[in-house]
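Okay, final-v4.txt now, which holds compact mmCIF, C-alpha atoms:
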```txt
# COMPACT_ATOMS: atom_id res chain seq x y z
CA MET C 27 108.39 118.84 78.95
CA LYS C 28 111.07 120.69 80.92
CA SER C 29 108.82 123.73 81.37
CA THR C 30 105.99 121.49 82.63
CA LEU C 31 108.31 119.92 85.21
CA THR C 32 109.62 123.33 86.22
CA LEU C 33 106.09 124.67 86.54
CA SER C 34 105.00 121.64 88.57
CA ALA C 35 107.95 122.02 90.91
CA ALA C 36 107.31 125.75 91.27
CA LEU C 37 103.63 125.16 92.01
CA LEU C 38 104.39 122.55 94.63
CA LEU C 39 107.04 124.74 96.24
CA SER C 40 104.71 127.75 96.28
CA VAL C 41 101.96 125.72 97.91
CA ILE C 42 104.37 124.42 100.54
CA LEU C 43 105.71 127.92 101.27
CA VAL C 44 102.40 129.75 101.07
CA ALA C 45 100.15 127.25 102.80
CA PRO C 46 102.08 124.90 105.09
CA GLU C 47 99.08 124.44 107.33
CA ILE C 48 97.17 122.98 104.39
CA ALA C 49 99.95 120.55 103.56
CA ALA C 50 100.24 119.49 107.21
CA ALA C 51 96.50 118.96 107.55
CA ALA C 52 96.52 116.43 104.75
CA GLY C 53 98.97 114.08 106.45
CA GLU C 54 99.79 111.10 104.22
CA GLU C 55 97.15 112.09 101.68
CA ASN C 56 98.77 115.21 100.24
CA PRO C 57 98.15 115.06 96.49
CA THR C 58 100.14 116.68 93.76
CA PRO C 59 97.94 119.19 91.97
CA PRO C 60 97.00 118.10 88.46
CA ALA C 61 99.44 120.18 86.40
CA SER C 62 98.53 119.27 82.86
CA GLN C 63 94.79 118.79 83.19
CA ASN C 64 92.20 121.49 82.78
CA LYS C 65 89.32 121.45 85.17
CA SER C 66 86.67 121.40 82.50
CA ASN C 67 88.13 121.87 78.99
CA LYS C 68 86.72 125.42 79.10
CA ASP C 69 90.14 126.82 79.99
CA THR C 70 92.32 128.00 77.17
CA GLN C 71 95.90 126.93 76.70
CA THR C 72 97.07 130.54 77.06
CA LYS C 73 96.46 130.81 80.79
CA LYS C 74 99.06 132.74 82.74
CA LYS C 75 101.27 131.11 85.38
CA LYS C 76 99.38 133.05 88.03
CA ASP C 77 96.13 131.46 86.91
CA LYS C 78 97.70 127.98 86.97
CA SER C 79 99.11 128.62 90.44
CA SER C 80 95.69 129.72 91.61
CA SER C 81 94.14 126.65 90.00
CA ALA C 82 96.60 124.37 91.79
CA GLU C 83 95.96 126.17 95.06
CA ASP C 84 92.21 125.90 94.51
CA PHE C 85 92.58 122.18 93.86
CA LEU C 86 94.63 121.64 97.02
CA ASN C 87 92.29 123.74 99.15
CA GLY C 88 89.25 121.88 97.83
CA TYR C 89 90.91 118.50 98.20
CA HIS C 90 91.96 119.19 101.78
CA ALA C 91 88.48 120.44 102.68
CA ALA C 92 86.96 117.23 101.27
CA TYR C 93 89.64 115.17 103.05
CA LYS C 94 88.72 116.78 106.37
CA LEU C 95 85.01 116.16 105.79
CA ILE C 96 85.68 112.49 105.14
CA TYR C 97 88.37 111.66 107.69
CA ASP C 98 87.76 114.17 110.48
CA LYS C 99 83.98 114.45 110.40
CA SER C 100 82.93 111.17 108.76
CA ASP C 101 80.78 113.25 106.41
CA TYR C 102 81.19 110.89 103.48
CA GLU C 103 78.34 112.34 101.41
CA GLY C 104 79.66 115.88 101.86
CA GLY C 105 83.18 114.76 101.05
CA ILE C 106 82.05 113.00 97.89
CA ALA C 107 80.19 116.11 96.74
CA ALA C 108 83.21 118.30 97.49
CA LEU C 109 85.53 115.97 95.56
CA HIS C 110 83.23 115.88 92.52
CA ALA C 111 83.05 119.69 92.60
CA LEU C 112 86.81 119.81 92.03
CA GLY C 113 86.33 118.37 88.54
CA TYR C 114 89.30 116.01 88.78
CA ASP C 115 87.67 112.61 89.24
CA ASP C 116 90.45 110.96 87.21
CA ASN C 117 93.16 112.14 89.61
CA ALA C 118 94.41 109.09 91.56
CA ASP C 119 94.17 110.82 94.95
CA VAL C 120 90.66 112.11 94.27
CA ALA C 121 89.42 108.77 92.92
CA THR C 122 90.94 106.91 95.88
CA LEU C 123 89.20 109.20 98.34
CA LEU C 124 85.94 108.79 96.42
CA GLY C 125 86.39 105.03 96.69
CA TYR C 126 87.11 105.20 100.42
CA ALA C 127 84.06 107.37 101.13
CA SER C 128 81.87 105.13 98.98
CA ARG C 129 83.13 102.05 100.82
CA LYS C 130 82.41 103.67 104.19
CA LEU C 131 78.85 104.32 102.99
CA GLY C 132 78.50 100.64 102.03
CA ARG C 133 78.48 101.42 98.32
CA TYR C 134 80.86 98.62 97.46
CA ASP C 135 80.21 98.62 93.71
CA ASP C 136 80.92 102.35 93.54
CA ALA C 137 84.04 101.95 95.68
CA LYS C 138 85.39 99.29 93.32
CA VAL C 139 84.84 101.55 90.32
CA TRP C 140 86.67 104.42 92.00
CA TYR C 141 89.61 102.29 93.14
CA GLU C 142 90.00 100.91 89.64
CA ARG C 143 89.78 104.40 88.19
CA ALA C 144 92.51 105.56 90.59
CA LEU C 145 94.73 102.64 89.60
CA ALA C 146 94.17 103.41 85.92
CA ALA C 147 95.50 106.91 86.64
CA ASP C 148 98.41 105.67 88.77
CA PRO C 149 99.10 101.91 88.90
CA ASN C 150 101.67 102.47 91.67
CA HIS C 151 99.41 104.35 94.07
CA ALA C 152 100.11 102.55 97.36
CA VAL C 153 97.15 104.06 99.23
CA THR C 154 94.77 102.90 96.52
CA TRP C 155 96.11 99.35 96.60
CA SER C 156 95.80 99.39 100.39
CA TYR C 157 92.19 100.59 100.33
CA TYR C 158 91.32 98.22 97.50
CA GLY C 159 92.78 95.39 99.60
CA MET C 160 90.56 96.49 102.49
CA TRP C 161 87.62 96.43 100.09
CA GLN C 162 88.62 92.88 99.11
CA ALA C 163 88.86 91.83 102.77
CA GLU C 164 85.41 93.29 103.47
CA GLN C 165 84.09 91.24 100.55
CA GLY C 166 85.56 88.11 102.19
CA ASN C 167 88.35 87.75 99.63
CA LEU C 168 91.42 87.59 101.88
CA LEU C 169 93.52 85.94 99.19
CA LYS C 170 93.05 88.93 96.88
CA ALA C 171 93.63 91.30 99.82
CA LYS C 172 96.97 89.57 100.43
CA ASP C 173 97.83 90.01 96.74
CA ASP C 174 97.11 93.72 97.14
CA LEU C 175 99.27 93.79 100.28
CA GLU C 176 102.14 92.40 98.21
CA LYS C 177 101.61 95.16 95.64
CA VAL C 178 101.81 97.74 98.42
CA ARG C 179 105.03 96.11 99.71
CA LEU C 180 106.60 96.34 96.27
CA ILE C 181 105.68 100.03 96.02
CA CYS C 182 106.64 101.34 99.45
CA GLY C 183 107.97 98.50 101.61
CA THR C 184 106.66 97.08 104.86
CA ASP C 185 107.18 100.18 107.01
CA CYS C 186 104.87 102.50 105.11
CA LYS C 187 101.45 103.41 106.48
CA PRO C 188 99.45 101.86 103.57
CA TYR C 189 101.17 98.50 104.14
CA LYS C 190 100.64 98.51 107.90
CA MET C 191 96.98 99.53 107.57
CA LEU C 192 96.14 96.76 105.10
CA GLU C 193 98.16 94.22 107.07
CA ASP C 194 96.14 95.08 110.21
CA VAL C 195 92.87 94.64 108.31
CA ILE C 196 93.96 91.27 106.92
CA GLU C 197 95.02 90.14 110.41
CA GLY C 198 91.66 91.33 111.76
CA THR C 199 93.20 93.69 114.32
CA GLU C 200 91.91 96.93 112.77
CA THR C 201 89.23 98.32 110.48
CA TYR C 202 89.47 101.40 108.30
```
What does this structure look like when you write it as structure tokens?
Amino acid sequence: MKSTLTLSAALLLSVILVAPEIAAAAGEENPTPPASQNKSNKDTQTKKKKDKSSSAEDFLNGYHAAYKLIYDKSDYEGGIAALHALGYDDNADVATLLGYASRKLGRYDDAKVWYERALAADPNHAVTWSYYGMWQAEQGNLLKAKDDLEKVRLICGTDCKPYKMLEDVIEGTETY
């Protein structure tokens, strides 16, 4: 357990030191690389630290590229394909972004599945609760959206970006 935490901390620090422009480009959506998951069960458990570092870096690079496709270029289809190519659909950040892109494409059933999958991976993922609340508001269920807003408040308070975004959607002053 201690070595996993140490490795995770070292990976995160190396990514921050080696690629600060990648971390900055992600803004609020900077995921932690999946440390204990293998991309496809083909990897052996005897991988070297260098390989794991490369895998984490590959994940972050791929995630940020998909993030840019979705948020900067509104290329939701391309972003979805890039996220699936990572092989980490059960990662809360990946699943949330898949839900967001699906929602923007009008695929509301798919978006719901992805948001629920993200919450299964991390029940305290504020961005997911915020986007799921937006999904609820778009479905006309403002009461449920307000419940989700309360969940966001409990996770990160009223000054965090996920809270403010969902609050704006509920008030009808913004769309995301």
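The space separating atom CA of Ala92 of chain C from atom CA of Tyr141 of chain C comes to 17.2 Å.
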Take atom CA of Asp136 of chain C and atom CA of Arg179 of chain C and report the distance between them in Å, one decimal. 25.7 Å
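When the distance limit is 7 Å and only C-alpha atoms are what count, the residues near segment 180-195 of chain C, minus those fewer than 5 positions from it on the same chain, are Asn150, Ala152, Val153, Ser156, Gly159, Met160, Leu175, Glu200 and Thr201 of chain C.
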Residue selection dump (C-alpha atoms) as a PDB file, in the coordinates of the input:
```pdb
ATOM      1  CA  ASN C 150     101.670 102.470  91.670  1.00  0.00           C
ATOM      2  CA  ALA C 152     100.110 102.550  97.360  1.00  0.00           C
ATOM      3  CA  VAL C 153      97.150 104.060  99.230  1.00  0.00           C
ATOM      4  CA  SER C 156      95.800  99.390 100.390  1.00  0.00           C
ATOM      5  CA  GLY C 159      92.780  95.390  99.600  1.00  0.00           C
ATOM      6  CA  MET C 160      90.560  96.490 102.490  1.00  0.00           C
ATOM      7  CA  LEU C 175      99.270  93.790 100.280  1.00  0.00           C
ATOM      8  CA  GLU C 200      91.910  96.930 112.770  1.00  0.00           C
ATOM      9  CA  THR C 201      89.230  98.320 110.480  1.00  0.00           C
TER      10      THR C 201
END
```
Residues within 9 Å of Pro60 of chain C, only C-alpha atoms, excluding chain neighbours under 6 positions, as a list of chain:residue names: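 In the requested form, the answer reads C:Ser34, C:Ala82, C:Phe85, C:Tyr114, C:Asn117.
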Calculate how many Å separate atom CA of Pro57 of chain C from atom CA of Ala118 of chain C, rounding to one decimal. 8.6 Å
Of the residues C:Ile106, C:Ala144, C:Val178, C:Ile196, which is the one nearest to Thr122 of chain C, using only C-alpha atoms?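 Closest to Thr122 of chain C, using only C-alpha atoms: C:Ala144.
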Find the residues around Lys130 of chain C up to 10 Å (only C-alpha atoms counted), leave out those fewer than 2 positions away in its own chain, and share them as a ChimeraX atom specification. /C:96,100-103,124-128,132-134,137,161,202
Each side padded by 6 Å, which centre and which edge lengths in Å (one decimal) define the axis-aligned box around the listed atoms of segment 158-174 of chain C? Give them as JSON.
```
{"center_x": 91.0, "center_y": 92.1, "center_z": 100.1, "size_x": 25.7, "size_y": 24.3, "size_z": 18.7}
```
